[in-house]
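**Student:** Provided herewith is a single structure, encoded as structure tokens, for subsequent inquiry.
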Amino acid sequence: MRGLPGHARCGRKWGWRRWETDKAAMPVQLLKVIKGKSEIPLPSHLQKEDLKQLQEGLDHTNKYFQGIVVLSYPLTKLGDGTDFFKVVLQDLDKWCSRSNSINVLIYGKMAEDCAKVICHGDTFVVAGFKLAKSPTAREDGRHGCHLEVSEEAGSAIYIYTAPKTTAASETASVSVAPKYVYTPLNHLKDGTIVNLYGVVKFFKPPYVSKGTDYCSVVTLVDPSNVKLTCTLFNGNLDALPKIYKVGDIVRFHRIKIREYNGQMQGITSAGFASLTFDGTVGAPVVPRTSSKVYTFMDEEQKTIEDLRVWAATNLSISGPAAKLSGVQPMLYFDLTCQLVGKAKVDGSSFLLKVWDGTKCPYPTWKVPVEARDLEGEKVLLHQLRNLTVDILVYDNHVQLAKSLKIGSFLRIYSIHTKQASAENEDFSHIEFHLHGGTCYGRGIGVLPESNPDVKELKTFLESVDLADSQNMESMSSMELDGTFNNVTDLESHLKRCQQLSVTVLTDHQDLSNTELKTILNSTAPQQYRIRAKLRTYKPQKLYQSIKLHCSKCNSLQEVPNGGDFDLILQGAAVTAPNPDLHNTSWYNSVMWTTQDQKQRKIAIHFVKHDEMLQQPEDTLLLVEGATLKEIWKLTKRFKCVIPVRSTEDHLELLDLSAPFLLQGNIKYYGCKQCSTPKPIRGLSSIAAEQRPSWEPSEIAQVLGIEQLQYVFVMRFTLVDGTGALNAYIFDYEKFFQIPASEILTNNFLQEKMQMTMNTLCPPGRKLDDLPWLECFIKSYNVRDAMKHRVYYQIFDTTVAEDVV
């Protein structure tokens with residue numbers, strides 16, 4: 001047989017020219033389909049057989065089998081040098097299970113010819129075959145026999161190529177894309193090879209195994225609430241699933257299931273293939289894969305979207321990866337960053353210099369390496385010296401770290417921040433380590449520039465003013481000498497601080513200082529400038545200083561605890577969502593029933609803009625029937641969440657003892673006395689705006705809510721040697737430069753406030769050693785039927801920047 005024309009294997013266009021040779025004599029033929037019929041009919045003596053008729057002991061002379069190519073293996077050579085090519089065909093008429101597929105083994109010149117032209121989805125006709133028992137039937141789950149084909153046996157193959165596009169007036173294809181059956185995780189059986197979908201609950205980025213292969217471990221869950229851990233091996237790193245974060249969705253084809261210690265596990269088998277999708281609700285459904293040939297049916301898009309919605313409520317998915325500006329000592333975190341430098345440190349460790357555009361708030365360790373050993377653009381490294389951090393990676397991560405390209409974007413998983421100090425250093429610093437091993441998902445992933453997180457990071461990095469970073473006082477860098485050379489210098493600095501004010505006046509600079517004795521003997525109301533020391537303060541437990549304030553009725557109330565909110569949600573869940581209120585002109589709805597004993601119904605309404613669903617970070621959700629835990633999971637993924645319940649004809653807010661809105665970690669409450677709640681449909685006016693901002697104040701206004709504001713309320717006892725008075729702090733965020741709304745849920749801000757108070761009023765110090773506070777205070781009268789009192793409040797004063 002003459003060699004086939006050298007067309008690109010899967011890049012060919014529909015409409016092959018007729019060959020000028022005698023096709024009847026050619027064992028492998030490519031056929032064109034015109035108006036639904038083959039350009040050249042099959043020989044009239046051939047009769048079609050289906051899979052049921054393919055049995056040992058029967059006569060298959062003058063018979064042919066026709067199927068869709070769903071898998072092909074690389075062309076190889078047998079021990080005697082004979083070319084060998086294996087194809088898997090799916091029965092055209094029956095798609096219900098894997099058993100409706102069969103292996104075709106092709107030998108010799110026909111194997112070489114088929115390998116050149118065959119594509120996934122082609123219609124494949126084989127005649128003159130030999131039927132033999134398949135030794136792999138139990139393992140691969142396909143037909144019990146396979147077909148053996150060779151030119152010497154007089155076999156013939158006819159291939160109808162699958163078109164990329166079809167002109168209605170000219171061509172049509174007899175082939176259809178194969179339809180795969182996907183097995184829920186609770187239906188998996190030992191020894192089978194299956195196709196499945198799952199949501200990533202845990203994963204280990206690919207790492208070099210003890211052999212030469214790369215290995216990746218991924219744990220999947222699905223709505224059946226069954227967990228499957230898969231261990232995947234491949235010599236080609238790109239062939240492993242491209243998983244970037246928990247919550248991603250994967251599709252596995254031909255994964256082998258084994259039972260081990262009573263648990264089902266998945267391992268790679270011959271022909272294993274995967275697609276990965278972003279698990280974010282509303283994100284584009286774009287598969288990640290290195291394969292150029294794969295099928296993805298329209299109905300699978302709905303599968304992806306359904307899994308996204310399920311995962312958003314049922315899977316604990318962490319929020320965005322941490323920024324360097326938010327790291328703390330003794331923390332494990334994931335970092336999305338850009339690599340700007342790297343260097344070998346020793347045989348078991350390797351240095352990565354990275355940045356994310358933000359500045360670490362603590363002094364950082366600079367790993368000592370020779371300048372000649374540091375790879376990277378020297379000018380850029382110098383420009384970014386105040387913004388980069390050094391990450392030391394160990395053991396099994398070193399090989400991958402060495403291969404990383406300068407400028408690439410990385411996600412480094414489970415970095416450990418460690419607080420340490422070198423010899424002769426008075427101050428500690430932060431070190432960044434990626435320890436050896438793969439526990440807790442430790443590893444390094446390279447992100448493509450098409451990744452949404454990379455696009456966001458690139459935009460941010462481009463906005464960073466490098467001139468500003470170079471001019472910054474590098475108090476967070478160990479590149480500079482220690483700020484204080486010895487203990488004597490440190491003591492001198494503290495003494496100077498005692499003479500300086502640790503607060504700053506923001507107005508009324510024309511006022512002169514007034515002694516406290518004079519103020520105590522003066523009538524109210526008046527304003528004063530004072531210089532005093534903070535002898536004590538209340539409350540000592542700083543979280544107790546946070547209150548909720550109504551500016552309309554001037555009332556103060558305690559912040560409700562989470563247990564009260566949870567009880568309100570449980571009570572609201574008793575009433576099932578009203579399906580008549582679902583899928584309106586301004587929101588889309590999804591509802592499902594939990595699989596626990598309570599059979600609770602949950603409804604989520606996604607508010608639209610211009611009749612389109614938005615990205616999660618821009619989306620407002622209305623939620624019915626969810627628990628507090630489920631609500632918090634949703635707030636990590638979406639712009640804001642409003643708990644609601646159904647009435648007969650509209651959605652409404654819950655009791656105002658519950659927050660009317662949750663945004664990030666913040667719960668927003670309304671004043672019961674001053675609010676007049678309105679139906680939820682009022683939000684449609686914000687959704688119709690050109691760029692809905694979903695600001696809490698705007699949401700409160702359209703819902704008839706008088707929003708309560710988080711405030712600091714504290715009492716400072718101030719002294720100046722002439723007297724002592726109690727002055728109150730009543731402040732939203734100006735005095736401490738910390739938002740009162742965020743501190744209850746932010747450990748870093750809580751520590752920052754505690755450090756500030758320890759500076760203003762150092763514990764265990766004598767009065768003479770306390771720092772000075774320069775403040776504005778105002779006096780005001782409070783009268784009731786029995787008493788008249790004068791109170792004092794601090795205003796237009798803030799803590800100095802070098803204190804916070």
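To be explicit about the labels: the chains of the structure tokens are called A, B, and onward in the order shown, and within each one the residues are counted from 1, while ligands get numbers from 1 in the order they are shown.
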At a cut-off of 12 Å, using only C-alpha atoms, what residues contact range 682-697 of chain A? Leave out same-chain residues fewer than 3 positions from it and give the result as a ChimeraX atom specification.
**Tutor:** /A:584-587,606-614,617-622,638-642,650-653,659-664,666-670,677-679,700-709
**Student:** So that I can see what lies close to Val281 in chain A, please list as an NGL selection string the residues with an atom at most 7 Å from it, counting only C-alpha atoms and leaving out residues fewer than 2 positions away in the same chain.
**Tutor:** :A and (279 or 283 or 305 or 308-309 or 616)
**Student:** Any chance you can output those residues with C-alpha atoms as a PDB file, in the first residue's frame?
**Tutor:**
ATOM      1  CA  GLY A 279     -15.538  26.508  40.662  1.00  0.00           C
ATOM      2  CA  ALA A 283     -17.198  32.429  36.119  1.00  0.00           C
ATOM      3  CA  GLU A 305     -22.998  25.317  37.112  1.00  0.00           C
ATOM      4  CA  ARG A 308     -20.654  25.427  41.592  1.00  0.00           C
ATOM      5  CA  VAL A 309     -23.863  26.380  43.382  1.00  0.00           C
ATOM      6  CA  PRO A 616     -19.201  36.624  42.444  1.00  0.00           C
TER       7      PRO A 616
END
**Student:** To one decimal place, how far is CA of Asn261 in chain A from CA of Tyr180 in chain A in Å?
**Tutor:**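 The value is 29.5 Å.
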**Student:** Where in range 56-167 of chain A does DSSP assign strand (DSSP E or B), given as a PyMOL selection string?
**Tutor:** chain A and resi 63-72+76-77+83-91+101-107+123-127+130-133+145-149+156-160
**Student:** Selected residues, N, CA and C atoms, written as a compact mmCIF listing (two decimals), in the first residue's frame, please.
**Tutor:**
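Output below, filename result-v2.txt:
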# COMPACT_ATOMS: atom_id res chain seq x y z
N LYS A 63 -18.53 -9.24 7.41
CA LYS A 63 -19.24 -8.41 8.39
C LYS A 63 -18.37 -7.19 8.71
N TYR A 64 -19.03 -6.12 9.12
CA TYR A 64 -18.26 -4.95 9.57
C TYR A 64 -18.86 -4.39 10.85
N PHE A 65 -18.02 -3.73 11.61
CA PHE A 65 -18.48 -3.05 12.83
C PHE A 65 -18.19 -1.56 12.69
N GLN A 66 -19.14 -0.75 13.10
CA GLN A 66 -19.01 0.70 12.98
C GLN A 66 -19.16 1.36 14.36
N GLY A 67 -18.26 2.28 14.70
CA GLY A 67 -18.33 2.98 15.98
C GLY A 67 -17.65 4.34 15.92
N ILE A 68 -17.74 5.05 17.04
CA ILE A 68 -17.12 6.37 17.16
C ILE A 68 -15.79 6.23 17.89
N VAL A 69 -14.76 6.89 17.39
CA VAL A 69 -13.45 6.86 18.05
C VAL A 69 -13.52 7.71 19.32
N VAL A 70 -13.43 7.06 20.48
CA VAL A 70 -13.45 7.80 21.75
C VAL A 70 -12.09 7.83 22.41
N LEU A 71 -11.16 7.01 21.92
CA LEU A 71 -9.83 7.00 22.51
C LEU A 71 -8.86 6.33 21.54
N SER A 72 -7.68 6.91 21.45
CA SER A 72 -6.62 6.27 20.67
C SER A 72 -5.32 6.39 21.45
N THR A 76 3.01 2.54 18.59
CA THR A 76 4.21 1.92 19.18
C THR A 76 4.68 0.78 18.30
N LYS A 77 5.82 0.20 18.66
CA LYS A 77 6.35 -0.97 17.95
C LYS A 77 6.40 -2.16 18.90
N ASP A 83 4.61 -2.34 13.70
CA ASP A 83 3.87 -1.18 14.20
C ASP A 83 2.57 -1.65 14.83
N PHE A 84 2.18 -0.99 15.95
CA PHE A 84 0.96 -1.36 16.65
C PHE A 84 0.22 -0.10 17.08
N PHE A 85 -1.10 -0.10 16.82
CA PHE A 85 -1.93 1.08 17.14
C PHE A 85 -3.25 0.58 17.73
N LYS A 86 -3.64 1.15 18.87
CA LYS A 86 -4.86 0.72 19.54
C LYS A 86 -5.89 1.85 19.54
N VAL A 87 -7.13 1.48 19.19
CA VAL A 87 -8.24 2.44 19.13
C VAL A 87 -9.40 1.87 19.95
N VAL A 88 -10.14 2.74 20.63
CA VAL A 88 -11.34 2.33 21.34
C VAL A 88 -12.55 2.93 20.61
N LEU A 89 -13.50 2.04 20.23
CA LEU A 89 -14.71 2.48 19.53
C LEU A 89 -15.92 2.35 20.44
N GLN A 90 -16.79 3.32 20.35
CA GLN A 90 -18.05 3.28 21.09
C GLN A 90 -19.17 2.95 20.10
N ASP A 91 -20.08 2.07 20.52
CA ASP A 91 -21.21 1.69 19.66
C ASP A 91 -22.03 2.93 19.32
N SER A 101 -18.33 -0.29 24.50
CA SER A 101 -17.14 0.12 23.74
C SER A 101 -16.26 -1.11 23.57
N ILE A 102 -15.38 -1.07 22.57
CA ILE A 102 -14.56 -2.24 22.25
C ILE A 102 -13.18 -1.78 21.80
N ASN A 103 -12.17 -2.56 22.13
CA ASN A 103 -10.80 -2.27 21.71
C ASN A 103 -10.56 -2.83 20.30
N VAL A 104 -9.89 -2.03 19.48
CA VAL A 104 -9.49 -2.46 18.14
C VAL A 104 -7.97 -2.42 18.08
N LEU A 105 -7.32 -3.56 17.80
CA LEU A 105 -5.87 -3.66 17.75
C LEU A 105 -5.45 -3.72 16.29
N ILE A 106 -4.65 -2.74 15.87
CA ILE A 106 -4.28 -2.62 14.45
C ILE A 106 -2.77 -2.86 14.33
N TYR A 107 -2.38 -3.69 13.35
CA TYR A 107 -0.99 -4.09 13.20
C TYR A 107 -0.44 -3.68 11.84
N THR A 123 -16.00 8.67 12.70
CA THR A 123 -16.74 7.41 12.56
C THR A 123 -15.80 6.40 11.90
N PHE A 124 -15.67 5.23 12.52
CA PHE A 124 -14.65 4.26 12.16
C PHE A 124 -15.35 2.95 11.81
N VAL A 125 -15.12 2.46 10.60
CA VAL A 125 -15.71 1.21 10.13
C VAL A 125 -14.57 0.21 9.90
N VAL A 126 -14.70 -1.00 10.49
CA VAL A 126 -13.67 -2.01 10.34
C VAL A 126 -14.30 -3.30 9.81
N ALA A 127 -13.67 -3.85 8.77
CA ALA A 127 -14.15 -5.10 8.16
C ALA A 127 -12.97 -6.05 8.01
N LYS A 130 -10.44 -10.02 12.92
CA LYS A 130 -10.41 -11.26 13.68
C LYS A 130 -10.89 -10.94 15.10
N LEU A 131 -11.79 -11.75 15.61
CA LEU A 131 -12.33 -11.55 16.96
C LEU A 131 -11.59 -12.45 17.95
N ALA A 132 -11.09 -11.85 19.04
CA ALA A 132 -10.37 -12.62 20.04
C ALA A 132 -10.75 -12.14 21.44
N LYS A 133 -10.57 -12.99 22.43
CA LYS A 133 -10.92 -12.64 23.81
C LYS A 133 -9.99 -11.54 24.30
N CYS A 145 -14.44 -9.10 24.15
CA CYS A 145 -13.55 -9.44 23.03
C CYS A 145 -12.96 -8.18 22.44
N HIS A 146 -11.90 -8.34 21.66
CA HIS A 146 -11.37 -7.21 20.91
C HIS A 146 -11.24 -7.60 19.43
N LEU A 147 -11.09 -6.60 18.57
CA LEU A 147 -10.96 -6.83 17.13
C LEU A 147 -9.49 -6.69 16.74
N GLU A 148 -8.96 -7.64 15.99
CA GLU A 148 -7.59 -7.59 15.49
C GLU A 148 -7.62 -7.34 13.99
N VAL A 149 -6.83 -6.36 13.56
CA VAL A 149 -6.90 -5.89 12.17
C VAL A 149 -5.48 -5.79 11.60
N ALA A 156 -9.95 -4.25 6.22
CA ALA A 156 -10.16 -2.93 5.61
C ALA A 156 -10.73 -1.99 6.66
N ILE A 157 -10.31 -0.73 6.58
CA ILE A 157 -10.81 0.31 7.50
C ILE A 157 -11.31 1.49 6.69
N TYR A 158 -12.48 1.97 7.04
CA TYR A 158 -13.07 3.15 6.41
C TYR A 158 -13.29 4.20 7.49
N ILE A 159 -12.80 5.41 7.26
CA ILE A 159 -12.89 6.47 8.27
C ILE A 159 -13.67 7.64 7.70
N TYR A 160 -14.79 7.98 8.38
CA TYR A 160 -15.55 9.17 8.04
C TYR A 160 -15.08 10.28 8.98
**Student:** Using only C-alpha atoms, tabulate the residues of range 259-368 of chain A lying at most 8 Å from any atom of range 191-203 of chain A, each with its closest atom pair and that distance in Å to one decimal, by chain and increasing residue number, as a tab-separated table.
**Tutor:**
residue	atom	partner	partner_atom	distance
A:Glu259	CA	A:Gly191	CA	7.9
A:Ser269	CA	A:Ile193	CA	7.9
A:Gly279	CA	A:Val199	CA	7.7
A:Leu307	CA	A:Val199	CA	7.2
A:Ala311	CA	A:Val199	CA	7.2
A:Leu315	CA	A:Lys201	CA	7.3
**Student:** Taking into account only C-alpha atoms, which residue in the set A:Ala603, A:Leu520, A:Ala724, A:Ala273 is nearest to Arg789 in chain A?
**Tutor:** A:Leu520
**Student:** Please list as a ChimeraX atom specification every residue within 10 Å of Ser316 in chain A, counting only C-alpha atoms and excluding residues in the same chain fewer than 2 positions away.
**Tutor:** /A:201,246-247,311-314,318-319,629-630,632-634,636
**Student:** Can I get the selection written as a PDB file, in the first residue's frame, with C-alpha atoms?
**Tutor:**
ATOM      1  CA  LYS A 201     -11.957  19.581  48.575  1.00  0.00           C
ATOM      2  CA  VAL A 246     -10.023  24.253  46.554  1.00  0.00           C
ATOM      3  CA  GLY A 247     -13.464  24.536  44.948  1.00  0.00           C
ATOM      4  CA  ALA A 311     -20.112  23.807  46.481  1.00  0.00           C
ATOM      5  CA  ALA A 312     -20.683  27.467  47.362  1.00  0.00           C
ATOM      6  CA  THR A 313     -22.970  26.402  50.216  1.00  0.00           C
ATOM      7  CA  ASN A 314     -21.695  22.960  51.181  1.00  0.00           C
ATOM      8  CA  SER A 318     -11.168  29.682  51.791  1.00  0.00           C
ATOM      9  CA  GLY A 319     -11.322  33.243  50.579  1.00  0.00           C
ATOM     10  CA  LYS A 629     -22.210  28.267  58.804  1.00  0.00           C
ATOM     11  CA  GLU A 630     -23.594  28.183  55.263  1.00  0.00           C
ATOM     12  CA  TRP A 632     -20.505  32.580  56.252  1.00  0.00           C
ATOM     13  CA  LYS A 633     -19.299  30.321  53.436  1.00  0.00           C
ATOM     14  CA  LEU A 634     -21.301  32.360  50.941  1.00  0.00           C
ATOM     15  CA  LYS A 636     -16.401  34.439  51.399  1.00  0.00           C
TER      16      LYS A 636
END
**Student:** Report as a PyMOL selection string: the residues of range 64-250 of chain A with a DSSP assignment of helix (DSSP H, G or I), based on the backbone of this structure.
**Tutor:** chain A and resi 98-100+109-117+137-140+185-187+237-239
**Student:** If I take CA of Gln419 in chain A and CA of Phe432 in chain A, how far is one from the other in Å, to one decimal?
**Tutor:**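 If I compute the distance from CA of Gln419 in chain A to CA of Phe432 in chain A, I get 9.1 Å.
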**Student:** Using only C-alpha atoms, find each residue in range 354-397 of chain A having at least one atom no more than 12 Å away from range 447-465 of chain A; report its shortest atom-to-atom pair and that distance in Å (one decimal), rows by chain then rising number, as a Markdown table.
**Tutor:**
| residue | atom | partner | partner_atom | distance |
| --- | --- | --- | --- | --- |
| A:Trp355 | CA | A:Leu461 | CA | 8.9 |
| A:Asp356 | CA | A:Leu461 | CA | 7.0 |
| A:Gly357 | CA | A:Leu461 | CA | 5.4 |
| A:Thr358 | CA | A:Val464 | CA | 8.6 |
| A:Lys359 | CA | A:Val464 | CA | 11.0 |
| A:Gln383 | CA | A:Asp465 | CA | 10.2 |
| A:Leu384 | CA | A:Asp465 | CA | 10.3 |
| A:Leu387 | CA | A:Val464 | CA | 10.2 |
**Student:** Could you please take those selected residues and save C-alpha atoms as a short mmCIF file (atom, residue, chain, number, x, y, z; two decimals), in the first residue's frame?
**Tutor:**
data_model
loop_
_atom_site.label_atom_id
_atom_site.label_comp_id
_atom_site.auth_asym_id
_atom_site.auth_seq_id
_atom_site.Cartn_x
_atom_site.Cartn_y
_atom_site.Cartn_z
CA TRP A 355 6.36 40.18 45.41
CA ASP A 356 2.62 40.84 45.21
CA GLY A 357 2.70 44.64 45.19
CA THR A 358 2.00 45.01 48.92
CA LYS A 359 4.43 45.53 51.78
CA GLN A 383 13.73 48.78 42.62
CA LEU A 384 11.63 46.18 44.44
CA LEU A 387 8.53 45.04 48.42
#
**Student:** Might you pull out every residue within 9 Å of Trp592 in chain A, with only C-alpha atoms counted and same-chain residues fewer than 2 positions away left off, and present them as a PyMOL selection string?
**Tutor:** chain A and resi 310+590+594+600-603
**Student:** Can you pull out the residues contacting Val379 in chain A? Cut-off 12 Å, using only C-alpha atoms, and skip same-chain residues under 5 positions away; I want them as an mmCIF file with N, CA and C atoms, in the first residue's frame.
**Tutor:**
data_model
loop_
_atom_site.group_PDB
_atom_site.id
_atom_site.type_symbol
_atom_site.label_atom_id
_atom_site.label_comp_id
_atom_site.auth_asym_id
_atom_site.auth_seq_id
_atom_site.Cartn_x
_atom_site.Cartn_y
_atom_site.Cartn_z
ATOM 1 N N VAL A 340 10.653 37.227 40.957
ATOM 2 C CA VAL A 340 11.572 38.210 40.376
ATOM 3 C C VAL A 340 13.030 37.815 40.576
ATOM 4 N N GLY A 341 13.285 36.814 41.427
ATOM 5 C CA GLY A 341 14.665 36.377 41.621
ATOM 6 C C GLY A 341 14.712 34.988 42.225
ATOM 7 N N LEU A 384 12.643 46.854 43.618
ATOM 8 C CA LEU A 384 11.630 46.176 44.437
ATOM 9 C C LEU A 384 12.162 45.737 45.795
ATOM 10 N N ARG A 385 13.345 46.220 46.178
ATOM 11 C CA ARG A 385 14.002 45.690 47.387
ATOM 12 C C ARG A 385 13.154 45.867 48.645
ATOM 13 N N LEU A 466 6.808 52.444 41.960
ATOM 14 C CA LEU A 466 8.080 51.944 42.459
ATOM 15 C C LEU A 466 8.929 53.056 43.050
#
**Student:** With only C-alpha atoms as the counted atoms, please give the residues lying no more than 9 Å from Arg288 in chain A, apart from itself and same-chain residues fewer than 5 positions off, as a list in words.
**Tutor:**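 In the requested format, the answer is Pro241, Lys242, Ile243, Ser274, Leu275, Thr276, Phe277 and Asp278 of chain A.
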**Student:** Just want the 8 Å neighbourhood of Ser408 in chain A, counted on only C-alpha atoms, with same-chain residues fewer than 6 positions away dropped. Output as a compact mmCIF listing (two decimals) with C-alpha atoms, in the first residue's frame.
**Tutor:**
# COMPACT_ATOMS: atom_id res chain seq x y z
CA GLN A 338 5.35 37.01 40.82
CA LEU A 339 8.85 35.55 40.84
CA VAL A 446 2.64 27.97 38.13
CA LEU A 447 -0.37 30.00 37.03
**Student:** A:Val367, A:Gly121, A:Thr717, A:Ile604: which is nearest Thr295 in chain A, counting only C-alpha atoms?
**Tutor:**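 Counting only C-alpha atoms, the residue closest to Thr295 in chain A is A:Gly121.
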